[in-house]
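File shown here: query-v8.cif, holding mmCIF, C-alpha atoms.
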```cif
data_entry
loop_
_atom_site.group_PDB
_atom_site.id
_atom_site.type_symbol
_atom_site.label_atom_id
_atom_site.label_comp_id
_atom_site.auth_asym_id
_atom_site.auth_seq_id
_atom_site.Cartn_x
_atom_site.Cartn_y
_atom_site.Cartn_z
ATOM 1 C CA MET A 26 113.491 112.038 89.547
ATOM 2 C CA GLU A 27 113.656 114.879 92.092
ATOM 3 C CA GLU A 28 110.443 116.297 90.617
ATOM 4 C CA GLN A 29 108.745 112.897 90.992
ATOM 5 C CA ILE A 30 109.837 112.566 94.625
ATOM 6 C CA GLU A 31 108.579 116.066 95.416
ATOM 7 C CA LYS A 32 105.204 115.358 93.827
ATOM 8 C CA GLN A 33 104.624 111.963 95.443
ATOM 9 C CA VAL A 34 106.060 112.458 98.909
ATOM 10 C CA THR A 35 107.371 115.879 99.832
ATOM 11 C CA ARG A 36 104.422 117.785 98.386
ATOM 12 C CA GLY A 37 101.914 114.978 98.206
ATOM 13 C CA LEU A 38 99.200 117.141 99.752
ATOM 14 C CA ALA A 39 98.227 120.758 99.290
ATOM 15 C CA PRO A 40 98.849 122.934 102.364
ATOM 16 C CA GLN A 41 95.934 123.098 104.803
ATOM 17 C CA THR A 42 94.297 126.512 105.171
ATOM 18 C CA ALA A 43 95.302 127.701 108.633
ATOM 19 C CA PRO A 44 96.564 130.742 110.540
ATOM 20 C CA GLN A 45 99.843 132.086 109.184
ATOM 21 C CA TYR A 46 102.976 131.744 111.311
ATOM 22 C CA SER A 47 105.960 134.032 111.034
ATOM 23 C CA ALA A 48 109.112 132.318 109.847
ATOM 24 C CA PRO A 49 112.486 133.401 108.574
ATOM 25 C CA LYS A 50 112.622 133.643 104.785
ATOM 26 C CA SER A 51 116.006 131.975 104.624
ATOM 27 C CA TYR A 52 118.142 129.592 106.635
ATOM 28 C CA PRO A 53 121.931 129.184 106.798
ATOM 29 C CA PHE A 54 121.467 125.647 105.441
ATOM 30 C CA PRO A 55 119.392 123.986 102.701
ATOM 31 C CA THR A 56 115.756 123.276 103.605
ATOM 32 C CA GLU A 57 112.648 121.665 102.161
ATOM 33 C CA ILE A 58 108.955 121.999 102.968
ATOM 34 C CA ILE A 59 107.286 118.636 103.637
ATOM 35 C CA SER A 60 103.532 118.125 103.453
ATOM 36 C CA LEU A 61 102.140 116.166 106.402
ATOM 37 C CA PRO A 62 99.817 113.181 105.838
ATOM 38 C CA SER A 63 97.438 114.579 108.479
ATOM 39 C CA LYS A 64 97.173 117.906 106.599
ATOM 40 C CA GLY A 65 97.408 119.407 110.082
ATOM 41 C CA LEU A 66 93.834 118.350 110.871
ATOM 42 C CA VAL A 67 94.747 116.600 114.140
ATOM 43 C CA TYR A 68 96.381 119.636 115.757
ATOM 44 C CA PRO A 69 94.802 122.659 117.466
ATOM 45 C CA GLU A 70 94.700 125.722 115.235
ATOM 46 C CA SER A 71 97.122 127.414 117.639
ATOM 47 C CA ASN A 72 99.729 124.715 116.898
ATOM 48 C CA ALA A 73 102.230 125.510 114.132
ATOM 49 C CA LEU A 74 101.679 121.993 112.745
ATOM 50 C CA SER A 75 98.060 122.866 111.878
ATOM 51 C CA LYS A 76 99.383 124.391 108.635
ATOM 52 C CA GLY A 77 99.792 120.859 107.352
ATOM 53 C CA GLU A 78 103.396 121.305 106.353
ATOM 54 C CA VAL A 79 106.743 121.675 108.058
ATOM 55 C CA THR A 80 110.143 123.046 107.094
ATOM 56 C CA VAL A 81 113.028 120.614 107.537
ATOM 57 C CA LYS A 82 116.747 120.937 107.188
ATOM 58 C CA LEU A 83 118.321 118.706 104.569
ATOM 59 C CA MET A 84 120.639 116.199 106.184
ATOM 60 C CA THR A 85 124.288 117.227 106.398
ATOM 61 C CA ALA A 86 127.448 115.750 107.890
ATOM 62 C CA ARG A 87 126.101 116.802 111.294
ATOM 63 C CA GLU A 88 123.146 114.444 110.860
ATOM 64 C CA GLU A 89 125.529 111.696 109.721
ATOM 65 C CA ASP A 90 127.273 112.125 113.069
ATOM 66 C CA ILE A 91 123.935 111.542 114.808
ATOM 67 C CA LEU A 92 123.101 108.451 112.749
ATOM 68 C CA THR A 93 126.492 106.838 113.370
ATOM 69 C CA SER A 94 126.877 107.770 117.040
ATOM 70 C CA ALA A 95 127.587 104.563 118.944
ATOM 71 C CA ALA A 96 126.220 106.102 122.164
ATOM 72 C CA LEU A 97 122.919 107.104 120.546
ATOM 73 C CA ILE A 98 122.579 103.768 118.765
ATOM 74 C CA ARG A 99 123.172 101.941 122.061
ATOM 75 C CA LYS A 100 120.381 103.941 123.661
ATOM 76 C CA GLY A 101 118.129 103.482 120.609
ATOM 77 C CA ILE A 102 117.541 107.220 120.276
ATOM 78 C CA GLN A 103 119.470 108.127 117.127
ATOM 79 C CA LEU A 104 116.287 108.671 115.102
ATOM 80 C CA ASP A 105 114.791 110.810 117.884
ATOM 81 C CA LYS A 106 117.900 112.989 117.827
ATOM 82 C CA LEU A 107 117.811 113.088 114.036
ATOM 83 C CA LEU A 108 114.235 114.368 114.152
ATOM 84 C CA GLU A 109 115.226 117.069 116.649
ATOM 85 C CA SER A 110 118.033 118.154 114.352
ATOM 86 C CA ILE A 111 116.168 118.344 111.041
ATOM 87 C CA VAL A 112 112.825 119.925 112.037
ATOM 88 C CA VAL A 113 113.524 123.658 111.938
ATOM 89 C CA GLU A 114 109.971 125.021 111.517
ATOM 90 C CA PRO A 115 109.528 127.895 114.010
ATOM 91 C CA GLY A 116 107.154 127.047 116.842
ATOM 92 C CA VAL A 117 107.056 123.301 116.145
ATOM 93 C CA ASN A 118 107.457 120.919 119.072
ATOM 94 C CA ILE A 119 108.421 117.529 117.610
ATOM 95 C CA ASN A 120 106.741 115.780 120.544
ATOM 96 C CA ASP A 121 103.397 116.951 119.117
ATOM 97 C CA LEU A 122 103.864 115.093 115.833
ATOM 98 C CA VAL A 123 101.476 112.190 115.315
ATOM 99 C CA ILE A 124 103.338 109.088 114.187
ATOM 100 C CA GLY A 125 102.252 109.232 110.544
ATOM 101 C CA ASP A 126 103.537 112.795 110.191
ATOM 102 C CA LYS A 127 106.776 111.799 111.872
ATOM 103 C CA ASN A 128 107.162 108.931 109.390
ATOM 104 C CA ALA A 129 106.665 111.323 106.474
ATOM 105 C CA ILE A 130 109.396 113.642 107.740
ATOM 106 C CA LEU A 131 111.906 110.847 108.274
ATOM 107 C CA VAL A 132 111.223 109.001 105.022
ATOM 108 C CA THR A 133 111.242 112.147 102.884
ATOM 109 C CA SER A 134 114.426 113.376 104.573
ATOM 110 C CA ARG A 135 116.072 110.049 103.766
ATOM 111 C CA ILE A 136 115.054 110.348 100.082
ATOM 112 C CA LEU A 137 116.317 113.913 99.844
ATOM 113 C CA ALA A 138 119.620 112.944 101.481
ATOM 114 C CA PHE A 139 120.480 109.669 99.762
ATOM 115 C CA GLY A 140 118.066 109.301 96.863
ATOM 116 C CA PRO A 141 115.075 107.000 96.407
ATOM 117 C CA GLU A 142 116.881 103.681 95.978
ATOM 118 C CA TYR A 143 116.943 101.572 99.143
ATOM 119 C CA ALA A 144 118.859 98.296 99.185
ATOM 120 C CA ALA A 145 117.407 95.929 101.784
ATOM 121 C CA LYS A 146 116.968 92.303 102.705
ATOM 122 C CA ILE A 147 113.622 90.555 103.128
ATOM 123 C CA THR A 148 112.458 87.024 103.806
ATOM 124 C CA ASP A 149 110.605 85.623 100.803
ATOM 125 C CA PRO A 150 107.096 84.800 102.095
ATOM 126 C CA LEU A 151 106.973 81.592 100.011
ATOM 127 C CA ASP A 152 110.288 79.790 100.525
ATOM 128 C CA ARG A 153 111.392 81.758 103.642
ATOM 129 C CA GLU A 154 114.789 82.451 102.077
ATOM 130 C CA GLU A 155 116.518 85.806 102.577
ATOM 131 C CA VAL A 156 116.476 87.917 99.414
ATOM 132 C CA ASP A 157 118.351 91.088 98.454
ATOM 133 C CA ILE A 158 116.031 93.702 96.961
ATOM 134 C CA THR A 159 116.070 97.340 95.908
ATOM 135 C CA ILE A 160 113.019 99.439 96.799
ATOM 136 C CA ASP A 161 112.166 102.657 94.969
ATOM 137 C CA LEU A 162 111.104 104.934 97.824
ATOM 138 C CA SER A 163 109.790 107.545 95.389
ATOM 139 C CA ASN A 164 106.792 105.246 94.865
ATOM 140 C CA ILE A 165 105.637 105.761 98.454
ATOM 141 C CA LYS A 166 102.315 107.562 98.600
ATOM 142 C CA ILE A 167 100.268 109.110 101.363
ATOM 143 C CA LYS A 168 97.667 106.693 102.710
ATOM 144 C CA GLU A 169 94.064 107.558 101.996
ATOM 145 C CA VAL A 170 91.937 108.120 105.112
ATOM 146 C CA ASP A 171 88.532 109.621 105.842
ATOM 147 C CA GLU A 172 89.578 113.173 106.699
ATOM 148 C CA SER A 173 86.097 113.983 108.026
ATOM 149 C CA ILE A 174 86.871 111.811 111.072
ATOM 150 C CA LEU A 175 90.011 113.737 112.015
ATOM 151 C CA ASN A 176 89.621 116.551 114.532
ATOM 152 C CA ARG A 177 91.759 119.163 116.220
ATOM 153 C CA ASP A 178 91.159 117.730 119.697
ATOM 154 C CA ASN A 179 92.702 114.440 118.528
ATOM 155 C CA GLU A 180 89.989 112.485 120.364
ATOM 156 C CA TYR A 181 87.956 109.706 118.762
ATOM 157 C CA ASP A 182 84.987 107.623 119.840
ATOM 158 C CA PHE A 183 84.900 103.846 119.490
ATOM 159 C CA PHE A 184 82.367 101.260 120.595
ATOM 160 C CA LEU A 185 84.028 97.992 121.611
ATOM 161 C CA PRO A 186 81.847 95.411 119.843
ATOM 162 C CA ILE A 187 82.173 92.484 122.264
ATOM 163 C CA SER A 188 82.092 94.107 125.709
ATOM 164 C CA LYS A 189 79.711 96.837 124.470
ATOM 165 C CA THR A 190 81.875 99.526 126.022
ATOM 166 C CA ASN A 191 82.236 103.113 124.811
ATOM 167 C CA ILE A 192 85.755 104.489 124.823
ATOM 168 C CA LYS A 193 87.645 107.496 123.548
ATOM 169 C CA PHE A 194 91.194 107.258 122.254
ATOM 170 C CA LYS A 195 93.864 109.476 120.737
ATOM 171 C CA LEU A 196 96.342 109.053 117.906
ATOM 172 C CA ILE A 197 99.664 108.798 119.678
ATOM 173 C CA THR A 198 102.387 111.362 119.121
ATOM 174 C CA HIS A 199 106.152 111.184 119.046
ATOM 175 C CA GLY A 200 106.157 112.350 122.666
ATOM 176 C CA ASP A 201 103.700 109.613 123.652
ATOM 177 C CA GLU A 202 105.810 107.012 121.865
ATOM 178 C CA MET A 203 108.936 108.031 123.763
ATOM 179 C CA ILE A 204 107.084 107.708 127.090
ATOM 180 C CA ILE A 205 105.639 104.327 126.049
ATOM 181 C CA ASN A 206 109.078 103.003 125.101
ATOM 182 C CA LYS A 207 110.559 104.114 128.431
ATOM 183 C CA ASP A 208 107.683 102.485 130.356
ATOM 184 C CA ILE A 209 108.104 99.229 128.412
ATOM 185 C CA GLU A 210 111.852 99.198 129.028
ATOM 186 C CA ALA A 211 111.398 99.849 132.759
ATOM 187 C CA SER A 212 108.761 97.116 133.023
ATOM 188 C CA GLN A 213 110.936 94.584 131.234
ATOM 189 C CA LYS A 214 113.796 95.281 133.623
ATOM 190 C CA ALA A 215 111.573 95.008 136.685
ATOM 191 C CA LEU A 216 109.203 92.205 135.673
ATOM 192 C CA LYS A 217 111.336 90.367 133.073
ATOM 193 C CA THR A 218 108.336 90.259 130.753
ATOM 194 C CA SER A 219 106.862 92.285 127.902
ATOM 195 C CA ASN A 220 103.713 94.335 128.439
ATOM 196 C CA GLU A 221 103.932 96.417 125.276
ATOM 197 C CA ILE A 222 100.276 96.090 124.270
ATOM 198 C CA THR A 223 98.789 97.097 127.622
ATOM 199 C CA THR A 224 101.359 99.868 128.105
ATOM 200 C CA ARG A 225 100.465 101.303 124.709
ATOM 201 C CA TYR A 226 96.713 101.118 125.377
ATOM 202 C CA ARG A 227 97.095 102.971 128.667
ATOM 203 C CA ARG A 228 98.453 105.875 126.645
ATOM 204 C CA ILE A 229 96.066 105.582 123.695
ATOM 205 C CA ILE A 230 92.762 105.169 125.588
ATOM 206 C CA ILE A 231 91.744 108.403 127.287
ATOM 207 C CA GLU A 232 88.189 107.596 128.429
ATOM 208 C CA VAL A 233 86.130 104.522 129.339
ATOM 209 C CA ASP A 234 82.337 104.894 129.614
ATOM 210 C CA GLY A 235 82.730 108.614 130.257
ATOM 211 C CA VAL A 236 85.444 108.220 132.929
ATOM 212 C CA ARG A 237 88.910 109.707 132.371
ATOM 213 C CA ASP A 238 90.558 108.627 135.609
ATOM 214 C CA ALA A 239 93.971 107.061 134.914
ATOM 215 C CA GLY A 240 93.422 104.305 137.463
ATOM 216 C CA THR A 241 90.087 103.339 135.929
ATOM 217 C CA ILE A 242 91.616 103.222 132.447
ATOM 218 C CA SER A 243 94.581 101.149 133.658
ATOM 219 C CA ASN A 244 92.272 98.660 135.378
ATOM 220 C CA PHE A 245 90.118 98.396 132.267
ATOM 221 C CA VAL A 246 93.111 97.771 130.003
ATOM 222 C CA THR A 247 94.581 95.149 132.338
ATOM 223 C CA ASN A 248 91.442 93.257 133.325
ATOM 224 C CA ARG A 249 88.536 94.033 130.998
ATOM 225 C CA LEU A 250 89.838 94.798 127.511
ATOM 226 C CA LEU A 251 88.945 91.612 125.652
ATOM 227 C CA ALA A 252 91.250 90.311 122.930
ATOM 228 C CA GLY A 253 88.526 90.596 120.300
ATOM 229 C CA ASP A 254 87.842 94.205 121.263
ATOM 230 C CA SER A 255 91.570 94.910 121.214
ATOM 231 C CA LYS A 256 91.834 93.592 117.665
ATOM 232 C CA ALA A 257 88.848 95.672 116.521
ATOM 233 C CA LEU A 258 90.294 98.805 118.132
ATOM 234 C CA ARG A 259 93.726 98.303 116.548
ATOM 235 C CA LYS A 260 92.140 97.948 113.112
ATOM 236 C CA TYR A 261 90.040 101.095 113.526
ATOM 237 C CA ILE A 262 93.036 103.101 114.720
ATOM 238 C CA SER A 263 95.028 101.876 111.720
ATOM 239 C CA ASP A 264 92.172 102.734 109.350
ATOM 240 C CA ILE A 265 91.808 106.357 110.475
ATOM 241 C CA SER A 266 95.476 107.169 111.162
ATOM 242 C CA PRO A 267 97.022 109.522 108.575
ATOM 243 C CA ASP A 268 100.341 108.081 107.435
ATOM 244 C CA LEU A 269 102.416 107.013 104.476
ATOM 245 C CA ASP A 270 101.516 103.763 102.748
ATOM 246 C CA LEU A 271 104.742 102.009 103.742
ATOM 247 C CA LYS A 272 104.416 99.025 101.442
ATOM 248 C CA PHE A 273 106.112 97.977 98.217
ATOM 249 C CA ASP A 274 105.298 95.468 95.509
ATOM 250 C CA TYR A 275 107.443 92.335 95.762
ATOM 251 C CA THR A 276 107.528 89.863 92.881
ATOM 252 C CA SER A 277 108.549 86.362 93.904
ATOM 253 C CA PRO A 278 111.349 84.944 91.712
ATOM 254 C CA VAL A 279 109.856 81.493 92.367
ATOM 255 C CA THR A 280 106.197 82.004 91.391
ATOM 256 C CA GLY A 281 106.308 85.336 89.563
ATOM 257 C CA GLU A 282 103.427 86.512 91.720
ATOM 258 C CA THR A 283 103.408 90.040 93.140
ATOM 259 C CA GLU A 284 102.220 91.005 96.610
ATOM 260 C CA ALA A 285 102.427 94.081 98.816
ATOM 261 C CA LEU A 286 104.919 93.799 101.666
ATOM 262 C CA ARG A 287 105.815 96.301 104.382
ATOM 263 C CA ILE A 288 109.066 98.150 103.779
ATOM 264 C CA PRO A 289 111.735 96.778 106.156
ATOM 265 C CA PHE A 290 113.394 99.600 108.047
ATOM 266 C CA GLY A 291 116.847 98.163 108.684
ATOM 267 C CA ILE A 292 119.982 99.960 109.777
ATOM 268 C CA GLY A 293 120.806 100.811 106.160
ATOM 269 C CA PHE A 294 117.628 102.812 105.651
ATOM 270 C CA PHE A 295 118.963 106.050 107.099
ATOM 271 C CA TYR A 296 122.607 105.362 106.455
ATOM 272 C CA PRO A 297 123.007 103.251 103.322
ATOM 273 C CA ALA A 298 126.264 101.461 102.636
ATOM 274 C CA ASP A 299 128.563 102.905 99.968
#
```
Rewrite the coordinates I just gave you, this time as C-alpha cells.
Amino acid sequence: MEEQIEKQVTRGLAPQTAPQYSAPKSYPFPTEIISLPSKGLVYPESNALSKGEVTVKLMTAREEDILTSAALIRKGIQLDKLLESIVVEPGVNINDLVIGDKNAILVTSRILAFGPEYAAKITDPLDREEVDITIDLSNIKIKEVDESILNRDNEYDFFLPISKTNIKFKLITHGDEMIINKDIEASQKALKTSNEITTRYRRIIIEVDGVRDAGTISNFVTNRLLAGDSKALRKYISDISPDLDLKFDYTSPVTGETEALRIPFGIGFFYPAD
C-alpha cells in the first residue's frame, strides 16, 4: 500500500530539471520528498520550488498539537500552522506555494501520517440523506493540465468573451489566500456582507487592458466585470491550474449509479477519530 501511495501521490511526477539547491542529507526527524503538481513550472528558476519537489517532515505528536489546538482552530489557522511545521525544504517560503501544490503537500502528509482510508460523511445527491463513506485517498491522482501554458512569471492572458476585455491574471498562492481571507473577514465585520468573489478577483487579476494600477483593477472588478465573463474566467483558471484531482467515485445505494464527487474535507480529514 505504501508503494502505491508513493507512486500515485507522493512521487506522481518526475522531478523538474532545475538548478540544484544545497540541502542537508539528513534530518533529526523522518522526512519524505513530495512531487508538486506544478512540476515547479510556475516559479522563477531562482525559487527553491522550481525543482518541482519539496521535502516535508512526517507528522509527529508536535503536529497533532497544532491540529488540536483550540486557539488555532478558533482562528481558523491550524492548517496554515501545520504547513509551516511540515515543510522543511531549505529556502522554501510556504507563502510562494500555489494552491494546487499546497493541496498536494497537505493531502500526502495526511496519507503518510494516518494512512489512505478516510471516513467521512456526504449528502447523497439523489435522496439528500447523509451517508457514511470511506474514501481511499491513495486513488487521488495529479490533475492533467496543459503544461505548455504554465510559465515562471505566473502571469496568464485571458480575453473576456462578453466585454471583449484583455486581462492578465495569476494563480494565487498560499500567501495570497491568507491575505484574501483576512480582507474578507474584515469586510464582513465592517459591512456585514460577503464580498468573497470580488475580493478574490482583486488579488487574481493583475492587469486590465494593459493597465496594472490597483485602483483601476478594483474599479473594473466592482463595476465592469460581467457575470458571464466571471464564469468564463473561473473555468479557465480551473482548467490551467495544476492541482490534485480531488474527486472520488461514489456509488449510490439507491440507484447503483456511480458519479464523481468532490472529497469533503471535514474536521476528521487531518485528525481522524480513533
Requested in this report: Run the PyMOL selection byres ((chain A and resi 286-294) around 9) on the file and write out the hits as number ranges by chain.
Outcome: A: 132, 135, 143-147, 160, 270-275, 284-285, 295-298
Report task. Determine the nearest neighbour of A:Leu66 from the options A:Leu196, A:Ala138, A:Leu131, A:Met203, counting only C-alpha atoms. Result ->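 Among A:Leu196, A:Ala138, A:Leu131, A:Met203, it is A:Leu196 that comes nearest to A:Leu66.
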Requested in this report: Would you list the residues near (82.8, 93.3, 121.3), meaning any protein, DNA or RNA residue with an atom at most 9 Å from that point in file coordinates, counting only C-alpha atoms, as an MDAnalysis selection string?
Outcome: chainID A and resid 184:190 251 253:255 257
Please produce a file of those selected residues containing C-alpha atoms, as a PDB file, in the coordinates of the input.
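Listing of part.pdb after writing:
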```pdb
ATOM      1  CA  PHE A 184      82.367 101.260 120.595  1.00  0.00           C
ATOM      2  CA  LEU A 185      84.028  97.992 121.611  1.00  0.00           C
ATOM      3  CA  PRO A 186      81.847  95.411 119.843  1.00  0.00           C
ATOM      4  CA  ILE A 187      82.173  92.484 122.264  1.00  0.00           C
ATOM      5  CA  SER A 188      82.092  94.107 125.709  1.00  0.00           C
ATOM      6  CA  LYS A 189      79.711  96.837 124.470  1.00  0.00           C
ATOM      7  CA  THR A 190      81.875  99.526 126.022  1.00  0.00           C
ATOM      8  CA  LEU A 251      88.945  91.612 125.652  1.00  0.00           C
ATOM      9  CA  GLY A 253      88.526  90.596 120.300  1.00  0.00           C
ATOM     10  CA  ASP A 254      87.842  94.205 121.263  1.00  0.00           C
ATOM     11  CA  SER A 255      91.570  94.910 121.214  1.00  0.00           C
ATOM     12  CA  ALA A 257      88.848  95.672 116.521  1.00  0.00           C
TER      13      ALA A 257
END
```
Contacts between stretch 81-87 of chain A and stretch 129-170 of chain A, please, where a residue of stretch 129-170 of chain A counts if it comes within 8 Å (with only C-alpha atoms); show its shortest atom pair and distance in Å to one decimal, rows by chain and ascending number, as JSON lines.
```
{"residue": "A:Ile130", "atom": "CA", "partner": "A:Val81", "partner_atom": "CA", "distance": 7.9}
{"residue": "A:Ser134", "atom": "CA", "partner": "A:Leu83", "partner_atom": "CA", "distance": 6.6}
{"residue": "A:Leu137", "atom": "CA", "partner": "A:Leu83", "partner_atom": "CA", "distance": 7.0}
{"residue": "A:Ala138", "atom": "CA", "partner": "A:Met84", "partner_atom": "CA", "distance": 5.8}
```
Keeping C-alpha atoms, export the residues of the selection given above as a PDB file, keeping the file's coordinate frame.
```
ATOM      1  CA  ILE A 130     109.396 113.642 107.740  1.00  0.00           C
ATOM      2  CA  SER A 134     114.426 113.376 104.573  1.00  0.00           C
ATOM      3  CA  LEU A 137     116.317 113.913  99.844  1.00  0.00           C
ATOM      4  CA  ALA A 138     119.620 112.944 101.481  1.00  0.00           C
TER       5      ALA A 138
END
```
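The two atoms in question, atom CA of A:Gly281 and atom CA of A:Asn164, are spaced 20.6 Å apart.
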Query - Which residue of A:Asp208, A:Lys106, A:Glu78, A:Thr276 approaches A:Thr159 most closely, using only C-alpha atoms - result: A:Thr276
Requested in this report: To one decimal in Å, tell me the separation between atom CA of A:Ala129 and atom CA of A:Ser173.
Outcome: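 That distance, rounded to one decimal, is 20.8 Å.
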Query raised in the report: For the point (95.1, 119.7, 118.4) in file coordinates, what residues are within 9 Å, counting all atoms listed in the file? Give the answer as a PyMOL selection string?
Result: chain A and resi 65-72+74-75+121+176-179
Report task. Would you mind reading off the distance between atom CA of A:Ser212 and atom CA of A:Lys193, one decimal, in Å? Result -> 25.4 Å
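Put simply, the PyMOL selection byres ((chain A and resi 166) around 6) on this file hits A:Gln33, A:Ile165, A:Ile167, A:Leu269, A:Asp270.
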**Report entry** Nearby residues (only C-alpha atoms) at most 9 Å from A:Val113, same-chain spacing under 2 positions excluded, as a PyMOL selection string
**Finding:** chain A and resi 56+79-82+109-111+115-117
Query raised in the report: Using only C-alpha atoms, which residue out of A:Arg249, A:Lys168, A:His199, A:Lys64 lies closest to A:Lys127?
Result: A:His199
Report summary line: Shortest contact to A:Ala252, candidates A:Ile222, A:Ile231, A:Ala239, A:Ile124, atoms counted all atoms listed in the file, goes to A:Ile222
Query - Expansion of the PyMOL selection byres ((chain A and resi 260-266) around 10) into residues, as a ChimeraX atom specification - result: /A:62-63,67,123-126,168-175,181,183,194-197,229,254-259,267-269
